[in-house]
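Here the structure is laid out as C-alpha cells; the discussion comes afterwards.
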Amino acid sequence: MSSAPPPLPVTVVGLGADGWAGLAATARSALGSAEVLIGGPRQLALLPAAECAGERVAWPSPLRPAVPRLMAEHAGRRIAVLASGDPLFYGIGRALAQELGPDALRILPHPSSVSYACARLGWPVEETEVVTVVGRPVARVAAALHDGRRVLVLSAGAGSPGEIAALLRERGFGPSRMRVLERLGAPQEDAYEGRADAWEHPPGDPLNVVAVECRRDPAHAGPRIGATPGLPDGAYEHDGQLTKRHVRAATLCALAPAPGELLWDIGGGSGSIGIEWMRTHPSCRAVTVERVPERAERIARNAASLGVPGLRVVVGAAPEALSALPAPDAVFIGGGLTAPGLLDTVWSALAPGGRLVVNTVTLESEAVLAERYRRHGGELVKLAVAHAVPVGGFTGWRQAMAVTQWSVTKPAPSPADAGDHHHGRHDEHHHHDNHGKHGKHGNHGDKAHKADEAKENERS
C-alpha cells in the first residue's frame, strides 16, 4: 500500500514595485506554474495574464484569520502567495510560517524597501535603524532619535512624512534632514527632502519610506534622552510618584531585561520602570498596573513621549488585576507591597529563572522584605543618594530617602516538583503574548502584527 504524497509546499514570492519586470527567473517560473495565486489586488494586477494563468484570489480583510481557511480550500494545488519585497520583513511570511510551519514554505525574497532605500542613500544597512509605523503609533520613532543617528521609517501612508516631521520638531530634532523615497524600485520612483522644522511638502504617494538624519536642536528646552536606563527625571510627567533616576538605573540593572521578555511593573506611578525596560530593546514588552486612573493616563502619555507607546497600562489594584495577565519573565513592585497576597501571587506567576525586584522606603515594607529574603535568598541592599545643594554661600549634601531593594531569581524546582504548573505558564506567554484582558490602554503588539500582514500588500 503506497503512502500519500507529501503536501506541496506553498511558494511565497517577494514582489517589488517594478512588478513582473523585476523578478528573477526562478520567481517567474514559480508564479507561472502556480495553480492558485494569492495576494493583494495591487500585487495581482502586476502579474501578466499570459504568463500567470493560475486562479487569482485576493486576500480578504481581516487577513490573518483567512490564512488557514484559504490554505485548506486550495490544499493539493500549487499555491503561490505574493508578498511585498522580503516576505519575512514585516510581511505575510510571518503569518504563513506561524500557521503552516517553515518547512511547508518555499520563500523567494525580493529586495526590501530598506535595501532599496539604503542603496539610494549610500547608507550601510547594518548601521541604519529601522522603525515601522505601519499599524503602529508614529510615537515609536521617538525611541530611535539620537543625535547623528540614521533612521529609516516604514510609512503607513501618504500622511506619515508630515507626522514624522511634527514628532521631530516636538522632540527637539527639528534640524534633522528628512528624505522621502517613493515607489522604490518602480520606473516612477521619486524622492524629495527638507528639514523637519521647515517641512511644507504636501502628502505624496502612500508607498514611501522616510529617511531621517537625526540632528538635535541644542536650544531645545527638554532634557537629553540617552540610550541607557536612568533617564533624567525631567523626561517624565509625574505627581511625585516617580522612581528617581539613580535608583531607577539600579533597579533596571537588577531586573536585567533581555530581548523578547515581559515585565510586570506593579504600582506604576509614572511608568518609568516599564518604559525604560521597553526602551532597552524593541522586542521587550511590559505591563504596568496602576490603581489610580489619573496616573494611568499619565503613564500612557509618558510612554508615548519616550517612544514606547506599546506599553500596556492596566487600571486596577494588585493582586486582583494580575489574574488575566500573561506570565512574566520579571516583576517589579514599586508600590502596594503590603497588599494581602501580592508577593505570593507574584512568586507563583514567575517561572524558574524569573526575576523579582522590590523597592520600598517604609519600615513596615522593609520588614516584609527581610522575611522574604530569609525565605528565598537573593540580594538585599540599601540604596542611598545625596545631591549637592546650596547651603548659604557654600555647598552641602541633601540626602534623599533611602530605598531598600530586594532582588531575587526564582530557582528551578526540585525533582519532586518537576511537574510544577509554572513551566506551562512560562511557555504559554511566548505564544499568546499580550492576548490577556486589556485595561484602559492596550498594547499595540497584536494590532501591529495584523497591520503588517494587511498593509504588506500596500508596500514595496
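Chains: A, B, ... in order of the C-alpha cells. Residues: from 1 per chain. Ligands: from 1, in order shown.
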
Backbone DSSP call of helix (DSSP H, G or I) for region 46-238 of chain A, listed as a ChimeraX atom specification: /A:66-73,92-100,102-104,113-121,125-127,138-144,160-170,196-198,233-235

Backbone-only DSSP, strand (DSSP E or B) members of region 248-373 of chain A, as an NGL selection string: :A and (262-266 or 285-290 or 312-315 or 330-333 or 355-360)

Take the selection from the previous step and output its residues with N, CA, C and O atoms, as an mmCIF file, in the first residue's frame.
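The resulting out-v5.cif:
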data_model
loop_
_atom_site.group_PDB
_atom_site.id
_atom_site.type_symbol
_atom_site.label_atom_id
_atom_site.label_comp_id
_atom_site.auth_asym_id
_atom_site.auth_seq_id
_atom_site.Cartn_x
_atom_site.Cartn_y
_atom_site.Cartn_z
ATOM 1 N N LEU A 262 8.987 39.847 29.046
ATOM 2 C CA LEU A 262 7.819 40.584 29.519
ATOM 3 C C LEU A 262 7.994 40.952 30.992
ATOM 4 O O LEU A 262 8.328 40.104 31.818
ATOM 5 N N LEU A 263 7.729 42.220 31.300
ATOM 6 C CA LEU A 263 7.812 42.723 32.671
ATOM 7 C C LEU A 263 6.423 43.064 33.190
ATOM 8 O O LEU A 263 5.608 43.651 32.468
ATOM 9 N N TRP A 264 6.169 42.723 34.457
ATOM 10 C CA TRP A 264 5.051 43.291 35.195
ATOM 11 C C TRP A 264 5.608 44.420 36.049
ATOM 12 O O TRP A 264 6.492 44.196 36.892
ATOM 13 N N ASP A 265 5.114 45.634 35.858
ATOM 14 C CA ASP A 265 5.501 46.789 36.661
ATOM 15 C C ASP A 265 4.305 47.129 37.538
ATOM 16 O O ASP A 265 3.322 47.706 37.067
ATOM 17 N N ILE A 266 4.373 46.756 38.809
ATOM 18 C CA ILE A 266 3.224 46.851 39.709
ATOM 19 C C ILE A 266 3.348 48.099 40.574
ATOM 20 O O ILE A 266 4.348 48.282 41.275
ATOM 21 N N ARG A 285 8.668 43.783 26.234
ATOM 22 C CA ARG A 285 7.271 44.134 26.485
ATOM 23 C C ARG A 285 7.072 44.381 27.971
ATOM 24 O O ARG A 285 7.797 43.833 28.800
ATOM 25 N N ALA A 286 6.085 45.192 28.292
ATOM 26 C CA ALA A 286 5.814 45.482 29.702
ATOM 27 C C ALA A 286 4.332 45.757 29.902
ATOM 28 O O ALA A 286 3.659 46.300 29.026
ATOM 29 N N VAL A 287 3.854 45.363 31.081
ATOM 30 C CA VAL A 287 2.501 45.679 31.530
ATOM 31 C C VAL A 287 2.645 46.457 32.833
ATOM 32 O O VAL A 287 3.280 45.968 33.770
ATOM 33 N N THR A 288 2.100 47.654 32.878
ATOM 34 C CA THR A 288 2.122 48.465 34.087
ATOM 35 C C THR A 288 0.746 48.419 34.734
ATOM 36 O O THR A 288 -0.266 48.661 34.069
ATOM 37 N N VAL A 289 0.724 48.105 36.020
ATOM 38 C CA VAL A 289 -0.531 48.026 36.774
ATOM 39 C C VAL A 289 -0.587 49.221 37.714
ATOM 40 O O VAL A 289 0.303 49.397 38.558
ATOM 41 N N GLU A 290 -1.593 50.039 37.554
ATOM 42 C CA GLU A 290 -1.744 51.254 38.363
ATOM 43 C C GLU A 290 -3.208 51.418 38.745
ATOM 44 O O GLU A 290 -4.084 51.364 37.888
ATOM 45 N N ARG A 312 1.586 48.497 27.846
ATOM 46 C CA ARG A 312 0.204 48.199 28.217
ATOM 47 C C ARG A 312 -0.050 48.675 29.638
ATOM 48 O O ARG A 312 0.705 48.350 30.553
ATOM 49 N N VAL A 313 -1.089 49.463 29.820
ATOM 50 C CA VAL A 313 -1.430 50.009 31.132
ATOM 51 C C VAL A 313 -2.744 49.392 31.592
ATOM 52 O O VAL A 313 -3.765 49.513 30.910
ATOM 53 N N VAL A 314 -2.713 48.727 32.722
ATOM 54 C CA VAL A 314 -3.906 48.109 33.307
ATOM 55 C C VAL A 314 -4.303 48.922 34.532
ATOM 56 O O VAL A 314 -3.494 49.118 35.444
ATOM 57 N N VAL A 315 -5.527 49.398 34.531
ATOM 58 C CA VAL A 315 -6.033 50.172 35.660
ATOM 59 C C VAL A 315 -6.670 49.217 36.653
ATOM 60 O O VAL A 315 -7.658 48.548 36.350
ATOM 61 N N ALA A 330 9.898 38.858 34.401
ATOM 62 C CA ALA A 330 10.403 39.630 35.528
ATOM 63 C C ALA A 330 9.268 40.468 36.083
ATOM 64 O O ALA A 330 8.327 40.820 35.375
ATOM 65 N N VAL A 331 9.381 40.787 37.377
ATOM 66 C CA VAL A 331 8.360 41.593 38.049
ATOM 67 C C VAL A 331 9.056 42.662 38.876
ATOM 68 O O VAL A 331 10.033 42.379 39.580
ATOM 69 N N PHE A 332 8.542 43.878 38.795
ATOM 70 C CA PHE A 332 8.984 44.947 39.682
ATOM 71 C C PHE A 332 7.794 45.410 40.497
ATOM 72 O O PHE A 332 6.712 45.655 39.958
ATOM 73 N N ILE A 333 7.983 45.513 41.797
ATOM 74 C CA ILE A 333 6.943 46.038 42.682
ATOM 75 C C ILE A 333 7.465 47.335 43.266
ATOM 76 O O ILE A 333 8.440 47.347 44.028
ATOM 77 N N ARG A 355 12.817 36.883 37.453
ATOM 78 C CA ARG A 355 13.392 37.785 38.437
ATOM 79 C C ARG A 355 12.310 38.631 39.106
ATOM 80 O O ARG A 355 11.350 39.050 38.452
ATOM 81 N N LEU A 356 12.514 38.879 40.376
ATOM 82 C CA LEU A 356 11.637 39.750 41.144
ATOM 83 C C LEU A 356 12.487 40.820 41.804
ATOM 84 O O LEU A 356 13.494 40.515 42.448
ATOM 85 N N VAL A 357 12.101 42.083 41.623
ATOM 86 C CA VAL A 357 12.786 43.207 42.262
ATOM 87 C C VAL A 357 11.732 44.050 42.960
ATOM 88 O O VAL A 357 10.701 44.388 42.370
ATOM 89 N N VAL A 358 11.980 44.364 44.218
ATOM 90 C CA VAL A 358 11.036 45.144 45.027
ATOM 91 C C VAL A 358 11.780 46.302 45.669
ATOM 92 O O VAL A 358 12.839 46.109 46.273
ATOM 93 N N ASN A 359 11.224 47.506 45.557
ATOM 94 C CA ASN A 359 11.768 48.687 46.218
ATOM 95 C C ASN A 359 10.795 49.179 47.271
ATOM 96 O O ASN A 359 9.570 49.169 47.048
ATOM 97 N N THR A 360 11.319 49.642 48.406
ATOM 98 C CA THR A 360 10.454 50.222 49.428
ATOM 99 C C THR A 360 11.225 51.245 50.244
ATOM 100 O O THR A 360 12.468 51.210 50.299
#

Within 9 Å of Asp239 (chain A) using only C-alpha atoms, minus same-chain residues under 3 positions, as a list of chain:residue names: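 Residues near the query, excluding close chain neighbours: A:Leu242, A:Gly269, A:Ser270, A:Arg295.
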
Selection: 12 Å around Gly204 (chain A), only C-alpha atoms, excl. self and same-chain fewer than 5 positions, as a list in words: Ser155, Gly157, Ala158, Gly159, Ser160, Pro161, Gly162, Val180, Leu181, Glu182, Arg183, Glu189, Asp190, Ala191, Tyr192, Val209 and Val210 of chain A

Gly172 (chain A) environment, 9 Å, only C-alpha atoms, sequence neighbours closer than 5 positions dropped, as a list in words: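 Those residues are Leu167, Arg215, Arg216, Asp217, Pro218, Ala219, His220, Ala221 and Gly222 of chain A.
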
Atoms kept (all heavy atoms) for selection, written as a short mmCIF file (atom, residue, chain, number, x, y, z; two decimals), in the first residue's frame:
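And here's selection_20.cif as it stands now:
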data_model
loop_
_atom_site.label_atom_id
_atom_site.label_comp_id
_atom_site.auth_asym_id
_atom_site.auth_seq_id
_atom_site.Cartn_x
_atom_site.Cartn_y
_atom_site.Cartn_z
N LEU A 167 6.66 65.16 14.83
CA LEU A 167 7.26 64.50 16.00
C LEU A 167 8.70 64.95 16.21
O LEU A 167 9.12 65.20 17.35
CB LEU A 167 7.18 62.98 15.83
CG LEU A 167 7.76 62.17 16.99
CD1 LEU A 167 6.87 60.97 17.30
CD2 LEU A 167 9.17 61.67 16.70
N ARG A 215 19.38 65.24 13.89
CA ARG A 215 20.16 66.36 14.40
C ARG A 215 19.36 67.01 15.53
O ARG A 215 18.27 67.52 15.31
CB ARG A 215 20.44 67.39 13.29
CG ARG A 215 21.31 66.89 12.17
CD ARG A 215 22.76 66.71 12.62
NE ARG A 215 23.60 66.23 11.54
CZ ARG A 215 23.82 64.95 11.26
NH1 ARG A 215 23.26 64.02 12.02
NH2 ARG A 215 24.60 64.60 10.26
N ARG A 216 19.94 67.02 16.71
CA ARG A 216 19.24 67.59 17.86
C ARG A 216 19.46 69.08 17.92
O ARG A 216 20.57 69.57 17.70
CB ARG A 216 19.72 66.93 19.15
CG ARG A 216 18.91 67.31 20.38
CD ARG A 216 19.35 66.52 21.60
NE ARG A 216 18.45 66.74 22.73
CZ ARG A 216 18.58 67.75 23.60
NH1 ARG A 216 19.58 68.60 23.46
NH2 ARG A 216 17.72 67.90 24.59
N ASP A 217 18.39 69.80 18.22
CA ASP A 217 18.46 71.24 18.36
C ASP A 217 19.08 71.58 19.71
O ASP A 217 18.49 71.28 20.76
CB ASP A 217 17.05 71.83 18.26
CG ASP A 217 17.04 73.35 18.30
OD1 ASP A 217 18.11 73.95 18.54
OD2 ASP A 217 15.96 73.94 18.11
N PRO A 218 20.28 72.18 19.74
CA PRO A 218 20.92 72.47 21.03
C PRO A 218 20.12 73.45 21.89
O PRO A 218 20.33 73.51 23.11
CB PRO A 218 22.28 73.05 20.63
CG PRO A 218 22.11 73.53 19.22
CD PRO A 218 21.09 72.63 18.60
N ALA A 219 19.21 74.19 21.27
CA ALA A 219 18.41 75.16 22.03
C ALA A 219 17.13 74.54 22.59
O ALA A 219 16.37 75.23 23.28
CB ALA A 219 18.06 76.35 21.14
N HIS A 220 16.87 73.27 22.30
CA HIS A 220 15.64 72.64 22.78
C HIS A 220 15.63 72.57 24.30
O HIS A 220 16.64 72.22 24.93
CB HIS A 220 15.51 71.24 22.20
CG HIS A 220 14.25 70.54 22.59
ND1 HIS A 220 13.00 70.97 22.20
CD2 HIS A 220 14.04 69.42 23.33
CE1 HIS A 220 12.07 70.17 22.69
NE2 HIS A 220 12.68 69.21 23.37
N ALA A 221 14.50 72.92 24.89
CA ALA A 221 14.41 73.03 26.35
C ALA A 221 14.35 71.68 27.05
O ALA A 221 14.67 71.59 28.24
CB ALA A 221 13.18 73.85 26.72
N GLY A 222 13.96 70.63 26.37
CA GLY A 222 13.81 69.33 27.02
C GLY A 222 15.14 68.69 27.36
O GLY A 222 16.19 69.05 26.81
#

Surrounding residues of Ala30 (chain A) excluding itself and chain neighbours under 5 positions, 9 Å, only C-alpha atoms, as a PyMOL selection string: chain A and resi 11+13+25+80

Those residues you just picked out, can you put them in a file as a PDB file, in the first residue's frame with N, CA, C and O atoms?
ATOM      1  N   THR A  11       4.631  28.342  -2.134  1.00  0.00           N
ATOM      2  CA  THR A  11       5.703  29.229  -2.576  1.00  0.00           C
ATOM      3  C   THR A  11       5.314  30.679  -2.282  1.00  0.00           C
ATOM      4  O   THR A  11       4.222  31.117  -2.630  1.00  0.00           O
ATOM      5  N   VAL A  13       6.431  34.456  -2.958  1.00  0.00           N
ATOM      6  CA  VAL A  13       7.272  35.218  -3.879  1.00  0.00           C
ATOM      7  C   VAL A  13       7.246  36.696  -3.507  1.00  0.00           C
ATOM      8  O   VAL A  13       6.187  37.325  -3.484  1.00  0.00           O
ATOM      9  N   ALA A  25      14.290  34.760 -12.726  1.00  0.00           N
ATOM     10  CA  ALA A  25      13.696  33.662 -13.493  1.00  0.00           C
ATOM     11  C   ALA A  25      13.047  32.633 -12.583  1.00  0.00           C
ATOM     12  O   ALA A  25      11.984  32.077 -12.915  1.00  0.00           O
ATOM     13  N   ALA A  80       0.903  29.858  -4.896  1.00  0.00           N
ATOM     14  CA  ALA A  80       1.922  30.901  -4.794  1.00  0.00           C
ATOM     15  C   ALA A  80       1.302  32.112  -4.114  1.00  0.00           C
ATOM     16  O   ALA A  80       0.223  32.571  -4.509  1.00  0.00           O
TER      17      ALA A  80
END

Residue contacts of Arg245 (chain A) (8 Å, only C-alpha atoms) excluding same-chain residues fewer than 4 positions away, as a PyMOL selection string: chain A and resi 230-233+249

Residue among A:Pro187, A:Pro257, A:Gly377, A:Pro413 lying closest to Ile275 (chain A), counting only C-alpha atoms: A:Pro257

Interatomic distance (Å, one decimal) between CA of Asp147 (chain A) and CA of Arg177 (chain A): 11.7 Å

Shortest interatomic distance to Ala24 (chain A) - which of A:Leu108, A:Leu96, A:Ala58, A:Leu8, counting only C-alpha atoms: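 Of A:Leu108, A:Leu96, A:Ala58, A:Leu8, the one nearest Ala24 (chain A), counting only C-alpha atoms, is A:Leu108.
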
Nearest-residue call for Val247 (chain A), choices A:Cys284, A:Met178, A:Val403, A:Ala196, using only C-alpha atoms: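 Nearest to Val247 (chain A): A:Val403.
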
A:Ala384, A:Ala370, A:Leu105, A:Val153 ranked by distance to Thr132 (chain A), top pick (using only C-alpha atoms):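 Answer, going by the shortest atom-to-atom distance: A:Val153.
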
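CA of Gly174 (chain A) to CA of Pro229 (chain A) spans 24.7 Å [interatomic distance, one decimal].
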
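Distance check against Gly22 (chain A) using only C-alpha atoms: of A:Ala186, A:Met71, A:Leu63, A:Cys52, the minimum falls on A:Ala186.
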
One-decimal distance in Å that lies between CA of Pro340 (chain A) and CA of Thr404 (chain A): 20.0 Å
